[in-house]
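For reference, the structure is listed below as structure tokens.
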Amino acid sequence: MIKIGAHMPISKGFDRVPQDTVNIGGNSFQIFPHNARSWGAKLPSDEVATKFKREMKKNGIDWENAFCHSGYLINLASPKEDIWQKSVELLKKEVEICRKLGIRYLNIHPGSHLGTGEEEGIDRIVRGLNEVLNNTEGVVILLENVSQKGGNIGYKLEQLKKIRDLVDQKDRVAVTYDTCHGFDSGYDITKKEGVEALLNEIETLFGLERLKMIHLNDSKYPLGAAKDRHERIGSGFIGEEGFAVFFSFKEIQEVPWILETPGGNEEHAEDIKKVFEIIEKFGIEVD
């Protein structure tokens, strides 16, 4: 069974997310643990956490298919000490929120070194992750591949491997693959050999069992453009035929697909429908 969903709003409460996910045709979701554009975050109450867990069970959503995404302000690679420290403290709080809600995975962008260089940036990321992981429990941090721009670290999967190799608690670090970011950075998933190369790289660097989520996004710009502009499924440069190639791999089908395409719940419902239309149109076998 395909595990699919979208990044969902929390403006009406965490407890609305499972039902809203089902309403758009999904069985998986991603949420922010707090206002993504704020340094402020607080733990949900016991009542809110209980209601959320009840709705998860009621709507039949597996905990392996539920994800949080860290806030936009966090930058563990920042050379600015105040920003780095605030990032570490906020990430700790996000882990605590995940634990309170019962969510097992917290996705992060590794960060931008802001011109100070990859090596220094990775060192700061590792120090930050160790600070977070050594002072929290349970939740697994997912390192997401990012677009190659603005000093970003993680546009190559081997950069994510460097980070994971240096972290103390490796068992609490896994990966997310974003199709738009990867396409932006030269990973061509529109061709069979491109997907095979990607899967081989993931297996070699991490083991495929460490790929916990796929951010399913089309790209508004061509291969290698480094623009980081998501597009609706089938409407960008990956396109229907490209996604058909990607979807045909069993290794890809086994991982939850989370849409971060433009629009809200209505558009995400349409994009989920489009995914299944592509699967049917191209005769893709699904277990």
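Ligands are numbered from 1 in the order shown, residues from 1 within each chain, and chains are lettered A, B, ... in the order they appear in the structure tokens.
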- Could you give me, as a PyMOL selection string, each residue of stretch 13-220 of chain A that DSSP assigns to alpha helix (DSSP H) when run on this structure's backbone? chain A and resi 17-23+46-58+81-101+118-133+157-166+179-184+192-205
Serialized selection, C-alpha atoms, as a short mmCIF file (atom, residue, chain, number, x, y, z; two decimals), in the first residue's frame:
```cif
data_model
loop_
_atom_site.label_atom_id
_atom_site.label_comp_id
_atom_site.auth_asym_id
_atom_site.auth_seq_id
_atom_site.Cartn_x
_atom_site.Cartn_y
_atom_site.Cartn_z
CA VAL A 17 -4.56 16.72 11.60
CA PRO A 18 -5.35 12.96 11.42
CA GLN A 19 -8.94 13.51 10.21
CA ASP A 20 -7.86 16.25 7.78
CA THR A 21 -5.23 13.85 6.43
CA VAL A 22 -7.85 11.20 5.70
CA ASN A 23 -10.10 13.87 4.17
CA ASP A 46 -1.87 16.54 28.37
CA GLU A 47 -5.41 17.02 27.06
CA VAL A 48 -4.21 18.07 23.60
CA ALA A 49 -1.73 15.18 23.41
CA THR A 50 -4.40 12.68 24.48
CA LYS A 51 -6.89 13.98 21.89
CA PHE A 52 -4.23 13.83 19.17
CA LYS A 53 -3.34 10.22 20.00
CA ARG A 54 -7.03 9.30 20.07
CA GLU A 55 -7.53 10.82 16.62
CA MET A 56 -4.49 8.96 15.29
CA LYS A 57 -6.04 5.67 16.37
CA LYS A 58 -9.54 6.62 15.22
CA GLU A 81 26.83 31.97 18.36
CA ASP A 82 23.50 33.42 19.49
CA ILE A 83 21.64 31.91 16.52
CA TRP A 84 23.39 28.56 16.98
CA GLN A 85 22.48 28.43 20.68
CA LYS A 86 18.87 29.44 20.04
CA SER A 87 18.69 26.79 17.30
CA VAL A 88 19.93 24.08 19.67
CA GLU A 89 17.48 25.07 22.41
CA LEU A 90 14.53 25.25 20.02
CA LEU A 91 15.39 21.88 18.49
CA LYS A 92 15.46 20.36 21.99
CA LYS A 93 12.00 21.80 22.59
CA GLU A 94 10.77 20.40 19.27
CA VAL A 95 11.99 16.94 20.26
CA GLU A 96 10.07 17.28 23.54
CA ILE A 97 6.91 18.28 21.63
CA CYS A 98 7.29 15.25 19.36
CA ARG A 99 7.65 12.97 22.39
CA LYS A 100 4.58 14.48 24.03
CA LEU A 101 2.51 13.91 20.88
CA GLU A 118 31.41 23.24 4.65
CA GLU A 119 33.86 21.79 7.17
CA GLU A 120 33.14 24.40 9.83
CA GLY A 121 29.42 24.17 9.14
CA ILE A 122 29.37 20.40 9.56
CA ASP A 123 31.34 20.71 12.80
CA ARG A 124 28.72 23.09 14.20
CA ILE A 125 25.86 20.85 13.03
CA VAL A 126 27.42 17.83 14.74
CA ARG A 127 28.00 19.75 17.98
CA GLY A 128 24.42 20.96 17.88
CA LEU A 129 22.96 17.53 17.21
CA ASN A 130 25.03 15.98 19.97
CA GLU A 131 23.79 18.65 22.37
CA VAL A 132 20.19 17.92 21.37
CA LEU A 133 20.39 14.12 21.25
CA LEU A 157 23.96 12.84 0.33
CA GLU A 158 27.59 12.26 1.29
CA GLN A 159 27.42 15.50 3.31
CA LEU A 160 24.56 14.00 5.32
CA LYS A 161 26.68 10.88 5.82
CA LYS A 162 29.55 13.00 7.19
CA ILE A 163 27.18 14.47 9.75
CA ARG A 164 25.70 11.13 10.77
CA ASP A 165 29.13 9.50 11.02
CA LEU A 166 30.27 12.14 13.51
CA THR A 179 12.67 14.99 -4.88
CA CYS A 180 12.71 18.71 -5.78
CA HIS A 181 15.87 19.43 -3.78
CA GLY A 182 17.57 16.37 -5.26
CA PHE A 183 16.56 17.31 -8.82
CA ASP A 184 17.80 20.83 -8.08
CA LYS A 192 15.62 4.45 -14.42
CA GLU A 193 19.41 4.55 -14.14
CA GLY A 194 19.14 7.78 -12.15
CA VAL A 195 16.84 6.21 -9.57
CA GLU A 196 19.02 3.11 -9.42
CA ALA A 197 22.07 5.29 -8.78
CA LEU A 198 20.21 7.21 -6.06
CA LEU A 199 19.08 4.03 -4.30
CA ASN A 200 22.58 2.55 -4.53
CA GLU A 201 24.02 5.72 -3.01
CA ILE A 202 21.52 5.70 -0.15
CA GLU A 203 22.18 2.01 0.50
CA THR A 204 25.95 2.53 0.46
CA LEU A 205 25.95 5.66 2.64
#
```
- Task: Once DSSP has gone over the backbone, tell me which residues of stretch 115-243 of chain A are in strand (DSSP E), as a list in words.
- Result: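 Taking stretch 115-243 of chain A and keeping strand (DSSP E) only, one gets Val140, Ile141, Leu142, Leu143, Glu144, Val173, Ala174, Val175, Thr176, Tyr177, Asp178, Leu211, Lys212, Met213, Ile214, His215, Leu216, Asp218, Ser219, His230 and Glu231 of chain A.
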- Message: When you count only C-alpha atoms, which of these residues is closest to A:Glu209: A:Glu254, A:Pro222, A:Glu285, A:Asp188?
- Response: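 Using only C-alpha atoms, the shortest distance to A:Glu209 belongs to A:Glu254.
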- Task: Compile the contact shell of A:Met8 as number ranges by chain: residues with an atom at most 12 Å away, counting only C-alpha atoms, same-chain residues fewer than 2 positions apart removed.
- Result: A: 5-6, 10-24, 26-33, 66-69, 258-261, 263-269
- Option closest in space to A:Ile141, from A:Gly236, A:Pro110, A:Gly224, A:Gly40 [counting only C-alpha atoms]: A:Pro110
- Rounded to one decimal in Å, what is the spacing between atom CA of A:Ser70 and atom CA of A:Leu106?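 Computing it gives 6.7 Å between the two atoms.
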- Message: Which residues are close to A:Lys149, i.e. within 10 Å by only C-alpha atoms, leaving aside same-chain residues fewer than 2 positions away? Reply as a ChimeraX atom specification.
- Response: /A:112,146-147,151-153,155,184-185,225-228
- Task: Quote the spacing between atom CA of A:Asp62 and atom CA of A:Ile2 in Å to one decimal place.
- Result: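 About the pair atom CA of A:Asp62 and atom CA of A:Ile2: they are 12.7 Å apart.
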- Rounded to one decimal place, report the atom CA of A:Val173-atom CA of A:Thr116 distance in Å.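 Atom CA of A:Val173 sits 24.6 Å away from atom CA of A:Thr116.
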- Item | Top pick for closest residue to A:Phe249, considering A:Asp271, A:Arg210, A:Val286, A:Val175 and counting only C-alpha atoms | A:Val286
- Would you mind listing what lies within 8 Å of A:Arg229 as a VMD selection string, with only C-alpha atoms counted and same-chain residues fewer than 5 positions away left out? chain A and resid 180 219 to 221
